[in-house]
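K.L.:
Below is start-v7.csv; it holds CSV, C-alpha atoms.
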```
chain,number,residue,atom,x,y,z
A,12,MET,CA,0.0,0.0,0.0
A,13,VAL,CA,1.4,3.4,-1.1
A,14,LYS,CA,0.7,6.0,1.5
A,15,VAL,CA,0.2,9.5,0.1
A,16,ILE,CA,0.2,13.1,1.4
A,17,LEU,CA,-1.8,15.2,-1.0
A,18,HIS,CA,-0.4,18.7,-1.2
A,19,GLY,CA,-3.1,21.1,-2.5
A,20,CYS,CA,-5.9,18.6,-1.6
A,21,ASN,CA,-8.8,21.1,-1.8
A,22,GLY,CA,-8.1,22.4,-5.3
A,23,LYS,CA,-9.9,20.9,-8.3
A,24,MET,CA,-7.1,18.6,-9.1
A,25,GLY,CA,-6.6,17.7,-5.5
A,26,GLN,CA,-10.3,16.7,-5.3
A,27,MET,CA,-9.9,14.6,-8.4
A,28,VAL,CA,-6.9,12.8,-7.0
A,29,THR,CA,-8.9,12.1,-3.8
A,30,GLU,CA,-11.8,10.7,-5.7
A,31,LEU,CA,-9.6,8.4,-7.9
A,32,CYS,CA,-7.4,7.2,-5.0
A,33,SER,CA,-10.6,6.1,-3.2
A,34,GLN,CA,-11.1,3.7,-6.0
A,35,GLU,CA,-7.5,2.3,-5.9
A,36,GLU,CA,-6.7,-0.8,-3.8
A,37,ASP,CA,-2.9,-0.1,-3.5
A,38,VAL,CA,-2.9,3.7,-2.9
A,39,LYS,CA,-4.2,5.5,0.2
A,40,ILE,CA,-4.2,9.3,1.0
A,41,VAL,CA,-3.2,9.5,4.7
A,42,ALA,CA,-3.1,13.3,5.0
A,43,GLY,CA,-3.8,16.4,3.0
A,44,VAL,CA,-2.3,19.9,3.0
A,45,ASP,CA,-4.1,23.0,1.9
A,46,ALA,CA,-4.2,26.7,2.8
A,47,PHE,CA,-7.9,26.4,3.0
A,48,GLN,CA,-8.0,23.9,5.9
A,49,HIS,CA,-11.2,21.9,5.3
A,50,GLY,CA,-11.8,18.4,4.1
A,51,THR,CA,-14.3,15.6,3.5
A,52,GLY,CA,-13.3,13.7,6.6
A,53,GLU,CA,-11.5,11.0,4.6
A,54,TYR,CA,-8.2,12.2,6.0
A,55,GLN,CA,-6.7,14.9,8.2
A,56,VAL,CA,-6.0,18.2,6.4
A,57,TYR,CA,-3.2,20.6,7.6
A,58,ARG,CA,-2.8,24.2,6.7
A,59,ASP,CA,1.0,23.8,6.4
A,60,ILE,CA,3.0,20.7,5.5
A,61,TYR,CA,5.3,21.3,8.4
A,62,GLN,CA,2.3,20.7,10.7
A,63,CYS,CA,1.9,17.2,9.2
A,64,ASN,CA,3.6,14.4,11.2
A,65,ILE,CA,1.9,11.5,9.5
A,66,ALA,CA,4.2,8.9,8.0
A,67,ALA,CA,3.9,8.6,4.2
A,68,ASP,CA,5.7,7.1,1.2
A,69,VAL,CA,5.2,10.0,-1.2
A,70,VAL,CA,3.7,13.4,-1.7
A,71,ILE,CA,1.5,14.3,-4.7
A,72,ASP,CA,1.5,18.0,-5.3
A,73,PHE,CA,-1.2,20.0,-7.1
A,74,SER,CA,-0.8,23.3,-5.4
A,75,THR,CA,0.5,26.7,-6.4
A,76,ALA,CA,4.0,27.9,-7.3
A,77,THR,CA,4.1,30.0,-4.1
A,78,ALA,CA,3.7,26.8,-2.0
A,79,VAL,CA,6.4,24.8,-3.8
A,80,ASP,CA,9.5,26.1,-2.0
A,81,GLY,CA,8.2,25.0,1.4
A,82,LEU,CA,7.2,21.6,0.0
A,83,LEU,CA,10.6,21.0,-1.5
A,84,ASN,CA,12.3,21.9,1.7
A,85,TYR,CA,10.1,19.5,3.6
A,86,CYS,CA,10.6,16.6,1.2
A,87,ALA,CA,14.4,17.1,1.2
A,88,GLU,CA,14.5,17.2,5.0
A,89,LYS,CA,12.3,14.1,5.4
A,90,LYS,CA,13.8,12.3,2.4
A,91,LEU,CA,10.2,11.9,1.2
A,92,PRO,CA,9.7,11.3,-2.6
A,93,CYS,CA,7.5,13.9,-4.3
A,94,VAL,CA,5.4,14.0,-7.5
A,95,LEU,CA,5.5,17.7,-8.4
A,96,CYS,CA,2.6,18.6,-10.6
A,97,THR,CA,2.4,22.3,-10.0
A,98,THR,CA,3.4,24.4,-13.1
A,99,GLY,CA,4.6,28.0,-13.7
A,100,LEU,CA,7.7,27.6,-11.6
A,101,SER,CA,10.4,30.3,-11.8
A,102,PRO,CA,14.0,29.5,-13.0
A,103,GLU,CA,15.0,29.8,-9.3
A,104,GLN,CA,12.4,27.2,-8.3
A,105,LEU,CA,13.5,24.9,-11.0
A,106,GLU,CA,17.0,25.1,-9.7
A,107,LYS,CA,15.6,24.3,-6.2
A,108,VAL,CA,13.9,21.2,-7.7
A,109,LYS,CA,17.3,20.0,-8.8
A,110,GLU,CA,18.8,20.6,-5.4
A,111,ALA,CA,15.9,18.7,-3.7
A,112,SER,CA,16.4,15.8,-6.1
A,113,GLU,CA,19.9,15.4,-4.7
A,114,LYS,CA,18.4,14.4,-1.4
A,115,THR,CA,15.2,12.6,-2.4
A,116,ALA,CA,13.3,11.4,-5.4
A,117,VAL,CA,11.4,14.1,-7.3
A,118,LEU,CA,9.3,13.4,-10.3
A,119,ARG,CA,8.4,16.5,-12.3
A,120,SER,CA,6.6,16.8,-15.6
A,121,ALA,CA,5.0,19.6,-17.6
A,122,ASN,CA,2.0,17.3,-18.2
A,123,MET,CA,1.1,14.3,-16.1
A,124,THR,CA,-0.8,12.3,-18.7
A,125,LEU,CA,0.7,9.1,-19.9
A,126,GLY,CA,-0.5,9.9,-23.4
A,127,ILE,CA,1.3,13.2,-23.7
A,128,ASN,CA,4.5,11.8,-22.4
A,129,LEU,CA,4.3,8.9,-24.8
A,130,LEU,CA,3.7,11.4,-27.6
A,131,MET,CA,6.9,13.2,-26.7
A,132,LYS,CA,8.8,10.0,-27.2
A,133,VAL,CA,7.1,9.4,-30.6
A,134,LEU,CA,7.7,12.9,-31.7
A,135,LYS,CA,11.5,12.6,-31.3
A,136,GLU,CA,11.5,9.7,-33.7
A,137,ALA,CA,9.1,11.5,-36.1
A,138,VAL,CA,11.0,14.8,-36.3
A,139,ALA,CA,14.3,13.0,-36.8
A,140,ALA,CA,12.9,11.3,-39.9
A,141,LEU,CA,10.7,14.1,-41.3
A,142,ALA,CA,12.6,17.3,-40.7
A,143,PRO,CA,15.5,16.3,-42.9
A,144,ALA,CA,13.0,15.4,-45.6
A,145,GLY,CA,11.8,19.0,-45.6
A,146,PHE,CA,8.7,18.8,-43.4
A,147,ASP,CA,7.7,22.0,-41.5
A,148,VAL,CA,6.6,21.6,-37.9
A,149,GLU,CA,3.7,23.4,-36.3
A,150,ILE,CA,1.9,23.0,-32.9
A,151,VAL,CA,-1.7,24.1,-32.3
A,152,GLU,CA,-2.9,23.9,-28.7
A,153,LYS,CA,-6.5,24.6,-27.5
A,154,HIS,CA,-7.7,25.2,-24.0
A,155,HIS,CA,-10.6,26.6,-22.0
A,156,ASN,CA,-11.3,30.3,-21.8
A,157,GLN,CA,-10.2,30.5,-18.2
A,158,LYS,CA,-6.6,29.5,-18.9
A,159,VAL,CA,-4.4,32.6,-18.5
A,160,ASP,CA,-1.1,31.5,-20.0
A,161,ALA,CA,-0.4,30.9,-23.7
A,162,PRO,CA,1.1,28.9,-25.2
A,163,SER,CA,0.5,26.0,-22.8
A,164,GLY,CA,3.4,24.4,-20.9
A,165,THR,CA,2.6,21.2,-22.6
A,166,ALA,CA,2.9,22.8,-26.1
A,167,ILE,CA,6.4,24.1,-25.0
A,168,ALA,CA,7.3,20.7,-23.7
A,169,LEU,CA,6.4,19.0,-27.0
A,170,ALA,CA,8.4,21.6,-28.9
A,171,ASP,CA,11.4,21.2,-26.5
A,172,ALA,CA,11.3,17.4,-27.0
A,173,MET,CA,11.6,17.8,-30.8
A,174,ASN,CA,14.1,20.6,-30.6
A,175,GLU,CA,16.3,18.6,-28.3
A,176,GLU,CA,16.3,15.8,-30.8
A,177,MET,CA,17.3,18.2,-33.5
A,178,GLY,CA,20.2,19.7,-31.5
A,179,GLY,CA,18.4,23.0,-30.8
A,180,ALA,CA,18.0,23.9,-34.5
A,181,TYR,CA,14.5,25.3,-34.2
A,182,GLU,CA,13.4,28.8,-33.4
A,183,TYR,CA,10.0,29.0,-31.8
A,184,VAL,CA,7.6,31.4,-33.5
A,185,TYR,CA,4.4,32.4,-31.7
A,186,ASP,CA,3.1,35.3,-33.9
A,187,ARG,CA,3.7,36.0,-37.6
A,188,SER,CA,1.4,39.0,-37.8
A,189,TRP,CA,4.2,41.5,-37.5
A,190,VAL,CA,6.3,40.3,-40.4
A,191,ARG,CA,5.7,39.8,-44.1
A,192,GLN,CA,8.1,37.1,-45.2
A,193,LYS,CA,8.1,33.4,-46.1
A,194,ARG,CA,8.3,30.8,-43.4
A,195,ASP,CA,11.9,29.9,-42.5
A,196,LYS,CA,12.7,26.2,-42.5
A,197,LYS,CA,14.0,26.5,-38.9
A,198,GLU,CA,10.8,27.9,-37.6
A,199,LEU,CA,8.7,25.8,-35.2
A,200,GLY,CA,5.3,27.5,-35.0
A,201,ILE,CA,3.2,27.4,-31.8
A,202,SER,CA,-0.4,28.7,-31.9
A,203,ALA,CA,-2.8,29.0,-29.0
A,204,VAL,CA,-6.7,28.8,-29.1
A,205,ARG,CA,-8.8,29.7,-26.0
A,206,GLY,CA,-12.5,29.0,-25.8
A,207,GLY,CA,-15.3,27.2,-24.0
A,208,THR,CA,-14.5,24.4,-21.7
A,209,ILE,CA,-11.8,22.6,-23.8
A,210,VAL,CA,-9.7,20.6,-21.3
A,211,GLY,CA,-6.7,20.3,-23.5
A,212,ASP,CA,-6.1,19.6,-27.2
A,213,HIS,CA,-2.6,19.4,-28.8
A,214,ASP,CA,-1.9,18.8,-32.5
A,215,VAL,CA,1.6,18.5,-33.8
A,216,ILE,CA,1.6,19.0,-37.6
A,217,PHE,CA,4.3,17.8,-40.0
A,218,ALA,CA,3.6,19.5,-43.3
A,219,GLY,CA,5.6,18.3,-46.3
A,220,ALA,CA,5.2,18.5,-50.1
A,221,ASP,CA,1.8,17.0,-50.9
A,222,GLU,CA,1.3,15.3,-47.6
A,223,VAL,CA,0.6,16.1,-44.0
A,224,ILE,CA,1.1,14.0,-40.9
A,225,THR,CA,-0.7,15.1,-37.6
A,226,PHE,CA,-0.1,13.7,-34.1
A,227,SER,CA,-3.0,14.6,-31.8
A,228,HIS,CA,-3.8,14.3,-28.1
A,229,ARG,CA,-7.2,15.1,-26.6
A,230,ALA,CA,-7.9,15.3,-22.9
A,231,TYR,CA,-11.6,15.0,-22.2
A,232,SER,CA,-11.4,15.5,-18.5
A,233,LYS,CA,-9.0,16.5,-15.7
A,234,ALA,CA,-9.1,12.9,-14.6
A,235,VAL,CA,-6.3,12.0,-17.0
A,236,PHE,CA,-3.9,14.3,-15.2
A,237,ALA,CA,-4.9,12.9,-11.8
A,238,LYS,CA,-4.5,9.3,-13.1
A,239,GLY,CA,-1.0,10.1,-14.3
A,240,ALA,CA,0.0,11.6,-11.0
A,241,ILE,CA,-1.2,8.5,-9.1
A,242,GLN,CA,0.8,6.2,-11.5
A,243,ALA,CA,3.8,8.4,-10.9
A,244,ALA,CA,3.3,8.2,-7.1
A,245,LYS,CA,3.3,4.4,-7.3
A,246,PHE,CA,6.4,4.5,-9.4
A,247,ILE,CA,8.5,6.9,-7.3
A,248,ALA,CA,7.7,5.5,-3.9
A,249,GLY,CA,10.8,3.9,-2.6
A,250,LYS,CA,13.0,5.2,-5.4
A,251,PRO,CA,16.5,6.6,-4.6
A,252,ALA,CA,17.2,10.3,-4.8
A,253,GLY,CA,17.2,11.7,-8.2
A,254,LEU,CA,15.2,13.8,-10.7
A,255,TYR,CA,12.5,11.7,-12.5
A,256,ALA,CA,10.0,12.3,-15.3
A,257,MET,CA,6.9,10.7,-16.7
A,258,SER,CA,9.0,9.1,-19.4
A,259,ASP,CA,10.5,7.0,-16.6
A,260,VAL,CA,7.0,5.8,-15.6
A,261,ILE,CA,6.2,4.9,-19.3
A,262,GLY,CA,9.5,3.1,-19.6
A,263,GLN,CA,8.6,0.9,-16.6
A,264,ARG,CA,5.2,0.1,-18.1
A,265,GLU,CA,6.8,-1.0,-21.3
```
Please express the file's structure as structure tokens.

P.N.:
Amino acid sequence: MVKVILHGCNGKMGQMVTELCSQEEDVKIVAGVDAFQHGTGEYQVYRDIYQCNIAADVVIDFSTATAVDGLLNYCAEKKLPCVLCTTGLSPEQLEKVKEASEKTAVLRSANMTLGINLLMKVLKEAVAALAPAGFDVEIVEKHHNQKVDAPSGTAIALADAMNEEMGGAYEYVYDRSWVRQKRDKKELGISAVRGGTIVGDHDVIFAGADEVITFSHRAYSKAVFAKGAIQAAKFIAGKPAGLYAMSDVIGQRE
């Protein structure tokens, strides 16, 4: 049985993790942490993680960037593995993630779904074959009208996966309205659409001469992110110190 502390338990994603964990036989939430200290009675909720003295195997974090520093300090001190799902971290915080991973296992991913992380792996192979053949690469991402950042962190992660494979050859282009010129072959276009209640759509388009190949991922509910976090928690519990990613979880499943 993997015992979990849920950091950010009262947010939308925290509530989703709670619901899904209640259906799991080998995972149990033993404590929650949230600035708004209320709960359903399924487990004790603390306002601050340093108030929590309940033994656990791993922390799942769906909180806010402002809460991450304290979480990382706690996990490093306790040698407690952490699945870090909070996005929007500053460069300084990303450095702190690396420092914490020297003392305990930390799994961080821009997107927690197994599908997106498998897509990253597939895209590396695709871009290596198609880019030298003259295919242009474009990413179109769509999200709900309440999302404040654009492009999405997932779109950037997909672009980074391909750019890494190509040795950093691509230049990301987010807006072509200010120039009047033909598309450069080293451009990687990233476009954002915001509307309605779209949970998360990502299309990676390889456009060549007389043919187009599109890789797509559709998230139909927030449950897919919670499911990925729970799989990650099962994976990282008991692992030695180090920085892990969802690609490691996928590799284990294969």

K.L.:
If we count all atoms listed in the file, what is near range 71-77 of chain A at a cut-off of 10 Å, once residues fewer than 6 positions away on the same chain are taken out, given as a PyMOL selection string?

P.N.:
chain A and resi 15-26+28+40+43-46+92-101+104+118-119+237+240-241+243-244

K.L.:
I need the residues from that last selection saved to file as a compact mmCIF listing (two decimals), keeping the file's coordinate frame (with C-alpha atoms), if you can.

P.N.:
```
# COMPACT_ATOMS: atom_id res chain seq x y z
CA VAL A 15 0.20 9.50 0.10
CA ILE A 16 0.20 13.10 1.40
CA LEU A 17 -1.80 15.20 -1.00
CA HIS A 18 -0.40 18.70 -1.20
CA GLY A 19 -3.10 21.10 -2.50
CA CYS A 20 -5.90 18.60 -1.60
CA ASN A 21 -8.80 21.10 -1.80
CA GLY A 22 -8.10 22.40 -5.30
CA LYS A 23 -9.90 20.90 -8.30
CA MET A 24 -7.10 18.60 -9.10
CA GLY A 25 -6.60 17.70 -5.50
CA GLN A 26 -10.30 16.70 -5.30
CA VAL A 28 -6.90 12.80 -7.00
CA ILE A 40 -4.20 9.30 1.00
CA GLY A 43 -3.80 16.40 3.00
CA VAL A 44 -2.30 19.90 3.00
CA ASP A 45 -4.10 23.00 1.90
CA ALA A 46 -4.20 26.70 2.80
CA PRO A 92 9.70 11.30 -2.60
CA CYS A 93 7.50 13.90 -4.30
CA VAL A 94 5.40 14.00 -7.50
CA LEU A 95 5.50 17.70 -8.40
CA CYS A 96 2.60 18.60 -10.60
CA THR A 97 2.40 22.30 -10.00
CA THR A 98 3.40 24.40 -13.10
CA GLY A 99 4.60 28.00 -13.70
CA LEU A 100 7.70 27.60 -11.60
CA SER A 101 10.40 30.30 -11.80
CA GLN A 104 12.40 27.20 -8.30
CA LEU A 118 9.30 13.40 -10.30
CA ARG A 119 8.40 16.50 -12.30
CA ALA A 237 -4.90 12.90 -11.80
CA ALA A 240 0.00 11.60 -11.00
CA ILE A 241 -1.20 8.50 -9.10
CA ALA A 243 3.80 8.40 -10.90
CA ALA A 244 3.30 8.20 -7.10
```

K.L.:
When distances are computed from all atoms listed in the file, which of A:Ala66, A:Leu254, A:Ala218, A:Leu199 shows the smallest separation from Gly179 in chain A?

P.N.:
A:Leu199

K.L.:
Do you know which residues are at most 7 Å from Met123 in chain A counting all atoms listed in the file, after dropping those on the same chain fewer than 3 positions away, and could you put them as number ranges by chain?

P.N.:
A: 120, 236, 239-240, 257

K.L.:
Excluding same-chain residues fewer than 3 positions from Thr165 in chain A, what lies within 9 Å of it counting all atoms listed in the file, as a PDB file with C-alpha atoms, in the coordinates of the input?

P.N.:
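Output saved as around.pdb:
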```
ATOM      1  CA  ALA A 121       5.000  19.600 -17.600  1.00  0.00           C
ATOM      2  CA  ASN A 122       2.000  17.300 -18.200  1.00  0.00           C
ATOM      3  CA  ILE A 127       1.300  13.200 -23.700  1.00  0.00           C
ATOM      4  CA  GLU A 152      -2.900  23.900 -28.700  1.00  0.00           C
ATOM      5  CA  PRO A 162       1.100  28.900 -25.200  1.00  0.00           C
ATOM      6  CA  ALA A 168       7.300  20.700 -23.700  1.00  0.00           C
ATOM      7  CA  LEU A 169       6.400  19.000 -27.000  1.00  0.00           C
ATOM      8  CA  ALA A 170       8.400  21.600 -28.900  1.00  0.00           C
ATOM      9  CA  HIS A 213      -2.600  19.400 -28.800  1.00  0.00           C
TER      10      HIS A 213
END
```

K.L.:
So how far away is CA of Val41 in chain A from CA of Leu83 in chain A, in Å?

P.N.:
19.0 Å

K.L.:
In Å to one decimal, how far is CA of Gly81 in chain A from CA of Glu103 in chain A?

P.N.:
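Distance reported for this atom pair: 13.6 Å.
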
K.L.:
Nearest residue to Tyr255 in chain A out of A:Lys238, A:Lys109, A:Lys39, A:Arg229, using all atoms listed in the file?

P.N.:
A:Lys109

K.L.:
For a test of reading the model, state the distance in Å between CA of Gly200 in chain A and CA of His228 in chain A, rounded to one decimal.

P.N.:
17.5 Å

K.L.:
Determine the nearest neighbour of Ala172 in chain A from the options A:Thr225, A:Ser188, A:Ser112, A:Asn128, counting all atoms listed in the file.

P.N.:
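Answer, going by the shortest atom-to-atom distance: A:Asn128.
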
K.L.:
Can you pull out the residues contacting Asn156 in chain A? Cut-off 12 Å, using all atoms listed in the file, and skip same-chain residues under 6 positions away; I want them as a VMD selection string.

P.N.:
chain A and resid 203 to 211

K.L.:
Nearest residue to Gly52 in chain A out of A:Lys135, A:Gly253, A:Gly126, A:Thr29, using all atoms listed in the file?

P.N.:
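Once distances to Gly52 in chain A are computed over all atoms listed in the file, the minimum belongs to A:Thr29.
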
K.L.:
For Ala142 in chain A, find every residue with an atom within 12 Å (counting all atoms listed in the file), except residues of its own chain fewer than 2 positions away, and show them as a PyMOL selection string.

P.N.:
chain A and resi 134-140+144-149+173-174+176-177+180-181+196-199+216-219+224

K.L.:
Closest to Glu30 in chain A among A:Ala78, A:His154, A:Glu53, A:Tyr85, using only C-alpha atoms?

P.N.:
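Residue with the minimum atom-to-atom distance to Glu30 in chain A: A:Glu53.
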
K.L.:
Around the point (13.5, 3.3, -14.0) (coordinates from the file), which residues reach within 12 Å if we count all atoms listed in the file? Answer as JSON, numbers by chain.

P.N.:
{"A": [116, 118, 243, 246, 247, 248, 249, 250, 251, 253, 254, 255, 256, 257, 258, 259, 260, 261, 262, 263, 264, 265]}
